[in-house]
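So this block is target.tsv, TSV, C-alpha atoms:
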chain	number	residue	atom	x	y	z
A	1	MET	CA	-27.12	9.67	-28.32
A	2	SER	CA	-26.13	7.98	-25.11
A	3	SER	CA	-24.86	4.42	-25.34
A	4	VAL	CA	-26.28	3.64	-21.88
A	5	PRO	CA	-29.88	2.35	-21.93
A	6	ASP	CA	-32.42	4.75	-20.44
A	7	ALA	CA	-29.76	7.36	-19.69
A	8	LEU	CA	-29.98	11.02	-20.63
A	9	ASP	CA	-28.47	12.08	-23.94
A	10	ALA	CA	-25.42	14.31	-24.12
A	11	GLY	CA	-26.54	17.92	-24.46
A	12	THR	CA	-29.66	17.46	-22.31
A	13	ILE	CA	-30.33	20.58	-20.24
A	14	LEU	CA	-31.63	19.94	-16.73
A	15	SER	CA	-33.44	22.58	-14.69
A	16	ASP	CA	-32.56	25.15	-17.39
A	17	ARG	CA	-29.07	25.18	-15.96
A	18	TYR	CA	-27.09	21.93	-16.11
A	19	GLU	CA	-25.88	20.58	-19.45
A	20	VAL	CA	-25.24	16.83	-19.45
A	21	GLU	CA	-22.03	15.72	-21.18
A	22	TYR	CA	-21.67	12.03	-20.36
A	23	VAL	CA	-22.53	9.25	-17.90
A	24	LEU	CA	-20.16	8.80	-14.96
A	25	GLY	CA	-21.95	5.74	-13.59
A	26	LEU	CA	-25.17	3.81	-13.89
A	27	GLY	CA	-27.07	1.76	-11.33
A	28	GLY	CA	-30.45	0.20	-10.79
A	29	MET	CA	-31.78	3.35	-9.13
A	30	GLY	CA	-30.56	5.87	-11.68
A	31	ALA	CA	-27.35	7.36	-13.02
A	32	VAL	CA	-24.65	9.92	-12.29
A	33	TYR	CA	-23.77	12.40	-15.02
A	34	PHE	CA	-20.89	14.72	-15.66
A	35	ALA	CA	-22.45	18.09	-16.46
A	36	ARG	CA	-21.66	21.79	-16.70
A	37	ASP	CA	-23.30	24.54	-14.70
A	38	LEU	CA	-24.27	27.09	-17.36
A	39	GLN	CA	-24.92	29.73	-14.71
A	40	GLN	CA	-21.45	29.38	-13.16
A	41	ASN	CA	-19.10	29.65	-16.14
A	42	LYS	CA	-19.66	26.00	-17.04
A	43	VAL	CA	-18.03	24.74	-13.85
A	44	PRO	CA	-18.11	20.89	-13.80
A	45	VAL	CA	-20.70	19.24	-11.55
A	46	ALA	CA	-21.95	15.74	-10.88
A	47	VAL	CA	-25.69	15.24	-11.25
A	48	LYS	CA	-27.11	12.24	-9.43
A	49	GLU	CA	-30.37	10.94	-10.91
A	50	MET	CA	-32.68	8.86	-8.73
A	51	ARG	CA	-35.89	7.23	-9.85
A	52	VAL	CA	-38.94	6.41	-7.76
A	53	GLN	CA	-41.20	3.66	-9.01
A	54	ALA	CA	-44.50	3.56	-7.18
A	55	GLY	CA	-47.89	2.81	-8.74
A	56	ASP	CA	-49.90	4.29	-5.88
A	57	GLN	CA	-50.25	8.07	-6.15
A	58	HIS	CA	-50.25	8.50	-2.38
A	59	ILE	CA	-47.00	6.58	-2.08
A	60	GLN	CA	-45.60	8.59	-4.99
A	61	ARG	CA	-46.38	11.89	-3.21
A	62	GLN	CA	-44.83	10.60	0.00
A	63	ALA	CA	-41.73	9.56	-1.93
A	64	ILE	CA	-41.39	13.01	-3.46
A	65	GLU	CA	-41.75	14.72	-0.09
A	66	GLN	CA	-39.18	12.41	1.49
A	67	PHE	CA	-36.83	13.09	-1.42
A	68	ARG	CA	-37.10	16.82	-0.76
A	69	GLN	CA	-36.49	16.40	2.95
A	70	GLU	CA	-33.45	14.22	2.42
A	71	ALA	CA	-32.09	16.52	-0.29
A	72	GLN	CA	-32.41	19.42	2.15
A	73	PHE	CA	-30.43	17.73	4.90
A	74	LEU	CA	-27.75	16.76	2.39
A	75	SER	CA	-27.46	20.35	1.21
A	76	VAL	CA	-26.58	21.65	4.69
A	77	LEU	CA	-23.89	19.08	5.44
A	78	ASN	CA	-20.33	20.39	5.47
A	79	HIS	CA	-17.38	18.06	5.98
A	80	PRO	CA	-14.05	17.68	4.10
A	81	ASN	CA	-14.82	14.01	3.36
A	82	LEU	CA	-18.21	14.76	1.83
A	83	VAL	CA	-19.04	16.07	-1.61
A	84	LYS	CA	-21.07	19.25	-1.24
A	85	VAL	CA	-24.66	19.01	-2.45
A	86	PHE	CA	-25.95	22.41	-3.55
A	87	ASP	CA	-29.09	21.83	-5.63
A	88	PHE	CA	-31.97	19.42	-6.07
A	89	PHE	CA	-35.01	19.29	-8.33
A	90	VAL	CA	-37.57	17.02	-10.01
A	91	GLN	CA	-37.88	16.82	-13.78
A	92	ASN	CA	-39.86	14.47	-16.03
A	93	GLY	CA	-40.59	12.12	-13.15
A	94	ARG	CA	-36.94	11.81	-12.18
A	95	TYR	CA	-35.23	13.24	-9.12
A	96	TYR	CA	-31.85	14.94	-9.16
A	97	LEU	CA	-29.14	16.01	-6.74
A	98	VAL	CA	-26.42	18.33	-7.98
A	99	MET	CA	-23.08	18.10	-6.22
A	100	GLY	CA	-19.48	19.14	-6.67
A	101	TYR	CA	-17.46	17.11	-9.14
A	102	VAL	CA	-14.45	15.36	-7.61
A	103	GLN	CA	-11.77	14.03	-9.91
A	104	GLY	CA	-10.20	10.83	-8.71
A	105	LYS	CA	-10.68	7.08	-8.53
A	106	THR	CA	-13.04	5.06	-6.40
A	107	LEU	CA	-11.65	2.47	-4.02
A	108	ARG	CA	-13.36	-0.12	-6.21
A	109	GLU	CA	-11.31	1.01	-9.20
A	110	LEU	CA	-8.11	0.91	-7.13
A	111	LEU	CA	-8.94	-2.60	-5.88
A	112	LYS	CA	-9.41	-3.83	-9.44
A	113	SER	CA	-5.89	-2.78	-10.41
A	114	GLN	CA	-4.15	-3.65	-7.11
A	115	THR	CA	-1.77	-6.62	-7.30
A	116	GLU	CA	-0.08	-6.22	-3.90
A	117	PHE	CA	-1.46	-5.43	-0.47
A	118	PHE	CA	-1.98	-1.75	0.23
A	119	PRO	CA	0.51	-0.31	2.77
A	120	LEU	CA	-1.05	-0.53	6.23
A	121	LYS	CA	-0.16	3.10	6.91
A	122	THR	CA	-2.19	4.20	3.88
A	123	LEU	CA	-5.18	2.05	4.82
A	124	LEU	CA	-5.19	3.33	8.38
A	125	GLU	CA	-5.08	6.94	7.14
A	126	TRP	CA	-8.08	6.21	4.91
A	127	THR	CA	-9.92	4.50	7.75
A	128	VAL	CA	-9.39	7.46	10.06
A	129	GLN	CA	-10.99	9.72	7.46
A	130	LEU	CA	-13.97	7.41	7.02
A	131	VAL	CA	-14.49	7.10	10.77
A	132	ASP	CA	-14.39	10.89	11.05
A	133	VAL	CA	-17.00	11.51	8.36
A	134	LEU	CA	-19.34	8.78	9.60
A	135	SER	CA	-18.98	10.15	13.13
A	136	TYR	CA	-19.99	13.54	11.75
A	137	LEU	CA	-23.09	12.09	10.08
A	138	HIS	CA	-24.06	10.12	13.18
A	139	ALA	CA	-23.69	13.25	15.33
A	140	GLN	CA	-26.36	15.15	13.39
A	141	THR	CA	-29.80	15.73	14.89
A	142	PRO	CA	-31.35	13.36	14.12
A	143	PRO	CA	-28.41	11.07	13.21
A	144	ILE	CA	-27.85	10.42	9.51
A	145	LEU	CA	-27.11	6.84	8.48
A	146	PHE	CA	-25.16	6.42	5.25
A	147	ARG	CA	-26.34	2.80	4.87
A	148	ASP	CA	-24.21	1.98	1.83
A	149	VAL	CA	-20.52	2.24	2.72
A	150	LYS	CA	-18.62	0.31	0.06
A	151	PRO	CA	-15.55	0.82	-2.17
A	152	SER	CA	-17.53	2.09	-5.16
A	153	ASN	CA	-19.08	4.85	-3.02
A	154	ILE	CA	-15.73	6.20	-1.84
A	155	ILE	CA	-13.52	8.25	-4.10
A	156	VAL	CA	-9.85	9.16	-3.53
A	157	ASP	CA	-8.83	12.55	-4.88
A	158	SER	CA	-5.39	13.77	-5.93
A	159	GLU	CA	-4.54	14.78	-2.35
A	160	ASN	CA	-5.30	11.30	-0.95
A	161	ARG	CA	-8.52	12.59	0.60
A	162	LEU	CA	-11.50	10.25	0.65
A	163	ARG	CA	-15.02	11.40	-0.17
A	164	LEU	CA	-18.34	9.66	0.31
A	165	ILE	CA	-20.05	10.21	-3.01
A	166	ASP	CA	-23.42	8.48	-2.96
A	167	PHE	CA	-26.26	9.23	-0.55
A	168	GLY	CA	-28.75	7.18	-2.53
A	169	ILE	CA	-30.17	5.34	0.49
A	170	ALA	CA	-29.01	7.59	3.31
A	171	ARG	CA	-31.69	8.42	5.85
A	172	CYS	CA	-32.28	10.21	9.13
A	173	LEU	CA	-32.54	7.88	12.07
A	174	HIS	CA	-35.81	8.05	13.96
A	175	PRO	CA	-35.99	5.22	16.51
A	176	ASP	CA	-39.74	4.84	16.06
A	177	GLU	CA	-39.70	4.67	12.25
A	178	ALA	CA	-39.05	1.93	9.75
A	179	THR	CA	-35.66	2.01	8.06
A	180	ALA	CA	-36.72	1.82	4.42
A	181	THR	CA	-36.02	4.94	2.35
A	182	PHE	CA	-37.97	6.32	-0.56
A	183	LEU	CA	-35.68	4.23	-2.76
A	184	GLN	CA	-36.42	1.03	-0.85
A	185	GLY	CA	-32.70	0.41	-0.94
A	186	MET	CA	-30.89	-2.21	1.11
A	187	GLY	CA	-27.28	-1.49	0.24
A	188	SER	CA	-24.80	-3.75	-1.51
A	189	ALA	CA	-25.01	-7.37	-0.40
A	190	ASP	CA	-21.24	-7.85	0.03
A	191	TYR	CA	-21.03	-4.96	2.50
A	192	CYS	CA	-24.56	-4.95	3.90
A	193	PRO	CA	-25.22	-5.92	7.55
A	194	LEU	CA	-27.77	-8.60	8.35
A	195	GLU	CA	-30.26	-6.17	9.90
A	196	GLN	CA	-30.39	-4.11	6.71
A	197	TYR	CA	-31.88	-6.94	4.69
A	198	GLN	CA	-35.57	-6.19	4.28
A	199	GLY	CA	-37.70	-7.73	7.00
A	200	VAL	CA	-34.78	-8.65	9.27
A	201	GLY	CA	-34.57	-5.69	11.65
A	202	GLY	CA	-33.96	-1.97	12.11
A	203	THR	CA	-30.73	-0.26	11.23
A	204	ASP	CA	-28.76	2.16	13.39
A	205	GLN	CA	-25.19	3.47	13.67
A	206	ARG	CA	-23.91	-0.08	14.03
A	207	SER	CA	-25.09	-0.82	10.50
A	208	ASP	CA	-22.63	1.73	9.08
A	209	ILE	CA	-19.96	0.22	11.35
A	210	TYR	CA	-20.51	-3.18	9.73
A	211	SER	CA	-20.29	-1.78	6.20
A	212	LEU	CA	-17.12	0.14	7.03
A	213	GLY	CA	-15.61	-3.03	8.52
A	214	ALA	CA	-16.50	-5.01	5.39
A	215	THR	CA	-14.92	-2.32	3.20
A	216	LEU	CA	-11.77	-2.38	5.33
A	217	TYR	CA	-11.70	-6.19	5.13
A	218	HIS	CA	-11.71	-5.97	1.32
A	219	LEU	CA	-8.95	-3.34	1.31
A	220	LEU	CA	-6.77	-5.35	3.71
A	221	THR	CA	-7.14	-8.73	2.01
A	222	LEU	CA	-7.97	-7.79	-1.61
A	223	LYS	CA	-10.84	-10.27	-1.26
A	224	VAL	CA	-14.55	-9.48	-1.24
A	225	PRO	CA	-15.83	-10.23	2.28
A	226	PRO	CA	-18.32	-13.05	2.83
A	227	ARG	CA	-21.91	-11.90	3.02
A	228	ALA	CA	-23.58	-11.45	6.39
A	229	GLY	CA	-26.51	-13.65	5.36
A	230	GLU	CA	-24.16	-16.52	4.51
A	231	LEU	CA	-22.29	-16.15	7.80
A	232	ALA	CA	-25.58	-16.15	9.71
A	233	ALA	CA	-26.85	-19.23	7.85
A	234	GLU	CA	-23.66	-21.14	8.70
A	235	ASN	CA	-23.43	-19.66	12.23
A	236	LYS	CA	-19.88	-18.48	11.55
A	237	LYS	CA	-17.79	-15.42	12.19
A	238	VAL	CA	-15.99	-13.62	9.41
A	239	PRO	CA	-12.82	-15.56	8.42
A	240	SER	CA	-9.56	-14.27	9.86
A	241	PRO	CA	-8.16	-11.52	7.60
A	242	ARG	CA	-4.65	-12.35	8.86
A	243	MET	CA	-4.89	-15.71	7.11
A	244	LEU	CA	-5.01	-13.76	3.84
A	245	ASN	CA	-2.63	-10.95	4.83
A	246	PRO	CA	-0.10	-11.93	7.56
A	247	SER	CA	1.14	-8.34	7.90
A	248	ILE	CA	-2.09	-7.31	9.62
A	249	GLU	CA	-1.60	-6.41	13.27
A	250	PRO	CA	-3.58	-8.60	15.72
A	251	ALA	CA	-5.27	-5.47	17.08
A	252	LEU	CA	-6.31	-4.51	13.54
A	253	GLU	CA	-7.77	-7.96	12.95
A	254	ASP	CA	-9.73	-7.68	16.21
A	255	LEU	CA	-11.05	-4.31	15.06
A	256	VAL	CA	-12.30	-5.66	11.71
A	257	VAL	CA	-13.80	-8.84	13.17
A	258	ASN	CA	-15.69	-6.84	15.81
A	259	MET	CA	-17.00	-4.37	13.23
A	260	MET	CA	-18.20	-7.28	11.07
A	261	ALA	CA	-20.00	-9.19	13.80
A	262	VAL	CA	-23.08	-10.75	12.21
A	263	TYR	CA	-25.44	-9.53	14.93
A	264	LYS	CA	-25.32	-5.83	15.70
A	265	GLN	CA	-25.36	-6.27	19.48
A	266	ASP	CA	-21.92	-7.93	19.15
A	267	ARG	CA	-20.34	-4.96	17.35
A	268	TYR	CA	-18.96	-1.67	18.62
A	269	SER	CA	-21.93	0.45	19.62
A	270	SER	CA	-20.64	3.72	18.18
A	271	MET	CA	-18.01	5.30	15.98
A	272	THR	CA	-16.44	6.65	19.17
A	273	GLN	CA	-15.56	3.09	20.18
A	274	VAL	CA	-14.29	2.36	16.68
A	275	ARG	CA	-12.06	5.44	16.83
A	276	ALA	CA	-10.59	4.35	20.20
A	277	ALA	CA	-9.78	0.89	18.84
A	278	LEU	CA	-8.30	2.43	15.71
A	279	GLN	CA	-6.03	4.68	17.78
A	280	LYS	CA	-4.68	1.58	19.52
A	281	VAL	CA	-3.94	0.00	16.15
A	282	ASN	CA	-2.12	3.15	15.01
A	283	ARG	CA	0.01	3.22	18.18
A	284	ASN	CA	1.00	-0.43	17.68
A	285	LEU	CA	1.98	0.23	14.08
A	286	GLU	CA	4.03	3.30	15.04
A	287	LEU	CA	5.90	1.33	17.71
A	288	ARG	CA	6.62	-1.46	15.23
A	289	GLN	CA	7.95	1.03	12.70
A	290	GLU	CA	10.13	2.70	15.33
A	291	ARG	CA	11.65	-0.65	16.31
A	292	ALA	CA	12.27	-1.47	12.66
A	293	THR	CA	13.91	1.92	12.09
A	294	LEU	CA	16.20	1.58	15.11
A	295	GLY	CA	17.23	-1.90	14.02
A	296	SER	CA	17.93	-0.69	10.51
A	297	VAL	CA	20.09	2.19	11.79
A	298	GLY	CA	22.10	-0.18	13.99
A	299	ARG	CA	22.76	-2.56	11.09
A	300	GLN	CA	23.73	0.32	8.82
A	301	ARG	CA	26.27	1.72	11.33
A	302	THR	CA	27.90	-1.69	11.61
A	303	ALA	CA	28.10	-2.06	7.83
A	304	ASP	CA	29.75	1.37	7.52
A	305	GLY	CA	32.44	0.43	10.03
A	306	ALA	CA	31.34	2.89	12.68
A	307	PRO	CA	31.50	1.69	16.28
A	308	LYS	CA	28.29	0.10	17.34
A	309	ALA	CA	26.92	1.23	20.67
A	310	PRO	CA	27.27	-1.62	23.16
A	311	GLY	CA	24.15	-3.27	24.36
A	312	LYS	CA	23.40	-4.12	27.97
A	313	SER	CA	25.02	-7.57	27.79
A	314	GLN	CA	28.13	-6.16	26.08
A	315	SER	CA	28.53	-3.47	28.75
A	316	THR	CA	28.35	-6.08	31.52
A	317	THR	CA	31.05	-8.14	29.79
A	318	TYR	CA	33.34	-5.11	29.51
A	319	ILE	CA	32.92	-4.29	33.22
A	320	LEU	CA	33.71	-7.84	34.34
A	321	ALA	CA	36.76	-7.96	32.11
A	322	GLY	CA	37.99	-4.66	33.56
A	323	LEU	CA	37.52	-5.83	37.14
A	324	THR	CA	39.38	-9.04	36.41
A	325	ALA	CA	42.31	-7.12	34.96
A	326	VAL	CA	42.45	-4.85	38.02
A	327	MET	CA	42.40	-7.84	40.38
A	328	LEU	CA	45.24	-9.55	38.49
A	329	PHE	CA	47.27	-6.37	38.57
A	330	MET	CA	46.77	-5.99	42.32
A	331	MET	CA	47.75	-9.58	43.01
A	332	GLY	CA	50.90	-9.20	40.96
A	333	TRP	CA	51.80	-5.98	42.75
A	334	LEU	CA	51.32	-7.56	46.19
A	335	ILE	CA	53.53	-10.52	45.32
A	336	THR	CA	56.24	-8.17	44.10
A	337	GLN	CA	56.12	-6.09	47.28
A	338	MET	CA	56.27	-9.14	49.50
A	339	SER	CA	59.26	-10.49	47.64
A	340	SER	CA	61.30	-7.25	47.76
A	341	GLY	CA	60.60	-6.39	51.45
A	342	ALA	CA	61.44	-9.84	53.16
A	343	THR	CA	64.60	-10.25	55.47
A	344	PRO	CA	67.06	-12.79	53.98
A	345	ALA	CA	67.76	-15.89	56.06
A	346	PRO	CA	71.29	-15.97	57.78
A	347	THR	CA	73.95	-17.92	55.92
A	348	PRO	CA	75.33	-20.80	58.14
A	349	ARG	CA	79.07	-20.34	59.10
A	350	ALA	CA	81.69	-23.11	59.70
A	351	PRO	CA	82.84	-23.39	63.41
A	352	SER	CA	86.28	-21.75	64.07
A	353	SER	CA	89.32	-23.84	65.49
A	354	THR	CA	90.47	-22.74	69.03
A	355	PRO	CA	94.22	-23.56	70.03
A	356	THR	CA	94.56	-26.05	72.92
A	357	SER	CA	97.03	-25.28	75.81
A	358	ARG	CA	99.47	-27.82	76.42
What does this structure look like when you write it as structure tokens?
Amino acid sequence: MSSVPDALDAGTILSDRYEVEYVLGLGGMGAVYFARDLQQNKVPVAVKEMRVQAGDQHIQRQAIEQFRQEAQFLSVLNHPNLVKVFDFFVQNGRYYLVMGYVQGKTLRELLKSQTEFFPLKTLLEWTVQLVDVLSYLHAQTPPILFRDVKPSNIIVDSENRLRLIDFGIARCLHPDEATATFLQGMGSADYCPLEQYQGVGGTDQRSDIYSLGATLYHLLTLKVPPRAGELAAENKKVPSPRMLNPSIEPALEDLVVNMMAVYKQDRYSSMTQVRAALQKVNRNLELRQERATLGSVGRQRTADGAPKAPGKSQSTTYILAGLTAVMLFMMGWLITQMSSGATPAPTPRAPSSTPTSR
């Protein structure tokens, strides 16, 4: 029997195909199971269970139809930072997505065990991947909003590739529709933008930008970011991440603070703008590393006894010293020539005695 309340037992067969082995994770909207595909040589899969609780039969039917529509758009997505969804079905009043199983750790698990700041190079590589996959989702027709970017929904595999693993409250963006999904999900409060709180306002691409910024804030500082609702209530911006991690580049701090602006009109308007700002941060970091490498090489050459290439000030000193030596040499040579070529003054002679006639 399963030790997780209301979870499926090990050995349960779903859709006459998937055999449940154990629970990978459990949340308020369902669970994720490790299972085997009995029709594909027992290849491992992850089965995401989602529950819809609606007393009204009309609402229930609408929820089921929306589930099918969203499952269909998930099944056609293809990106290296997504987990492929290849099946969906309804069984015993519960709704299931079947996706590829990715072995690795979530960013949440890594954060729990992290005692030192992550290397900036690593974090920027991860951020580039997340910007790419969110750009891909936002470029769909209509755009797909992930709506729940957070460390526990991002897994790192053995090749350092990130995957978004939970589309529980993802939705297609229709400007004239409400933003609630069939799950009535808001996202996680620590990473959720103000407009995603129920009754506050509609979500769009900038909502994913906020959640990505909050996730990056946590990775950079090892501290859970303050909630958007609290910042709005106190009329404050997000605290400076550099106060917690001095190694953060100023341009990187500007990027995070902009992404986490409380009101969406103050954030970047698209992932394209985020990518441009991120490229600037990467260039700054590369230049800093190049300067550090050159300085290290110079110090190493000096320690090994090898001649150190003169700097600009040293070269100027050598030139002046050389000119001075040449001038001194020329002055000495002129004095020598003048001394050797002068006519000696006549030596005075005593007057001679002339005999007097007598």
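Nearest residue to Met99 in chain A among A:Pro226, A:Gly30, A:Gly202, A:Pro44 is A:Pro44, counting all atoms listed in the file.
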Extract, using all atoms listed in the file, all DNA, RNA and protein residues at most 9 Å from range 229-241 of chain A, discarding same-chain residues fewer than 3 positions from it, and format them as a PDB file with C-alpha atoms, keeping the file's coordinate frame.
ATOM      1  CA  ALA A 189     -25.010  -7.370  -0.400  1.00  0.00           C
ATOM      2  CA  PRO A 193     -25.220  -5.920   7.550  1.00  0.00           C
ATOM      3  CA  LEU A 194     -27.770  -8.600   8.350  1.00  0.00           C
ATOM      4  CA  TYR A 197     -31.880  -6.940   4.690  1.00  0.00           C
ATOM      5  CA  TYR A 217     -11.700  -6.190   5.130  1.00  0.00           C
ATOM      6  CA  LEU A 220      -6.770  -5.350   3.710  1.00  0.00           C
ATOM      7  CA  THR A 221      -7.140  -8.730   2.010  1.00  0.00           C
ATOM      8  CA  PRO A 225     -15.830 -10.230   2.280  1.00  0.00           C
ATOM      9  CA  PRO A 226     -18.320 -13.050   2.830  1.00  0.00           C
ATOM     10  CA  LEU A 244      -5.010 -13.760   3.840  1.00  0.00           C
ATOM     11  CA  ASN A 245      -2.630 -10.950   4.830  1.00  0.00           C
ATOM     12  CA  PRO A 246      -0.100 -11.930   7.560  1.00  0.00           C
ATOM     13  CA  ILE A 248      -2.090  -7.310   9.620  1.00  0.00           C
ATOM     14  CA  GLU A 253      -7.770  -7.960  12.950  1.00  0.00           C
ATOM     15  CA  VAL A 256     -12.300  -5.660  11.710  1.00  0.00           C
ATOM     16  CA  VAL A 257     -13.800  -8.840  13.170  1.00  0.00           C
ATOM     17  CA  MET A 260     -18.200  -7.280  11.070  1.00  0.00           C
ATOM     18  CA  ALA A 261     -20.000  -9.190  13.800  1.00  0.00           C
ATOM     19  CA  VAL A 262     -23.080 -10.750  12.210  1.00  0.00           C
ATOM     20  CA  TYR A 263     -25.440  -9.530  14.930  1.00  0.00           C
TER      21      TYR A 263
END
Report summary line: As a check of understanding: the span from CA of Glu49 in chain A to CA of Asp6 in chain A is 11.5 Å
Query raised in the report: In Å to one decimal, how far is CA of Ala214 in chain A from CA of Arg227 in chain A?
Result: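 Distance between the two atoms: 9.1 Å.
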**Report entry** Separation of CA of Gly104 in chain A from CA of Asp87 in chain A in Å
**Finding:**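 Straight-line distance from CA of Asp87 in chain A to CA of Gly104 in chain A works out to 22.1 Å.
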**Report entry** Shell of 6 Å around range 108-122 of chain A, only C-alpha atoms, local chain residues under 3 positions omitted, as a list in words
**Finding:**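 Neighbouring residues, sequence-local ones excluded: Glu125, Pro151 and Ser152 of chain A.
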Contacts of Phe89 in chain A at 10 Å (all atoms listed in the file; same-chain gap of 6+ positions) as a compact mmCIF listing (two decimals) with C-alpha atoms, in the coordinates of the input:
# COMPACT_ATOMS: atom_id res chain seq x y z
CA LEU A 14 -31.63 19.94 -16.73
CA SER A 15 -33.44 22.58 -14.69
CA GLU A 49 -30.37 10.94 -10.91
CA PHE A 67 -36.83 13.09 -1.42
CA ARG A 68 -37.10 16.82 -0.76
CA ALA A 71 -32.09 16.52 -0.29
CA TYR A 95 -35.23 13.24 -9.12
CA TYR A 96 -31.85 14.94 -9.16
CA LEU A 97 -29.14 16.01 -6.74
CA VAL A 98 -26.42 18.33 -7.98
Query raised in the report: Closest to Ser270 in chain A among A:His138, A:Lys105, A:Lys150, A:Arg163, using all atoms listed in the file?
Result: A:His138
Around all the atoms of range 219-231 of chain A listed in the file, with 8 Å of room on each side, what axis-aligned box do you get, giving centre and edge lengths in Å to one decimal, as JSON?
{"center_x": -16.6, "center_y": -9.9, "center_z": 3.1, "size_x": 35.7, "size_y": 29.2, "size_z": 25.4}
Which neighbours of Tyr22 in chain A fall inside 6 Å, counting all atoms listed in the file, when residues of the same chain fewer than 2 positions from it are skipped, and could you give them as a compact mmCIF listing (two decimals) with C-alpha atoms, in the coordinates of the input?
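Done, and the output landed in out-v1.txt:
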# COMPACT_ATOMS: atom_id res chain seq x y z
CA ALA A 10 -25.42 14.31 -24.12
CA TYR A 33 -23.77 12.40 -15.02
CA PHE A 34 -20.89 14.72 -15.66
Radius query 7 Å about (-33.9, 20.8, -16.0), atoms used: only C-alpha atoms, as a compact mmCIF listing (two decimals) with C-alpha atoms, in the frame of the given file:
# COMPACT_ATOMS: atom_id res chain seq x y z
CA ILE A 13 -30.33 20.58 -20.24
CA LEU A 14 -31.63 19.94 -16.73
CA SER A 15 -33.44 22.58 -14.69
CA ASP A 16 -32.56 25.15 -17.39
CA ARG A 17 -29.07 25.18 -15.96
CA TYR A 18 -27.09 21.93 -16.11
CA GLN A 91 -37.88 16.82 -13.78
Report task. Pull the neighbourhood of (-12.5, 9.5, 6.5) for me: all residues within 12 Å in file coordinates, counting all atoms listed in the file, as JSON, numbers by chain. Result -> {"A": [79, 80, 81, 82, 122, 123, 124, 125, 126, 127, 128, 129, 130, 131, 132, 133, 134, 135, 136, 137, 149, 154, 155, 156, 160, 161, 162, 163, 164, 212, 216, 271, 275]}
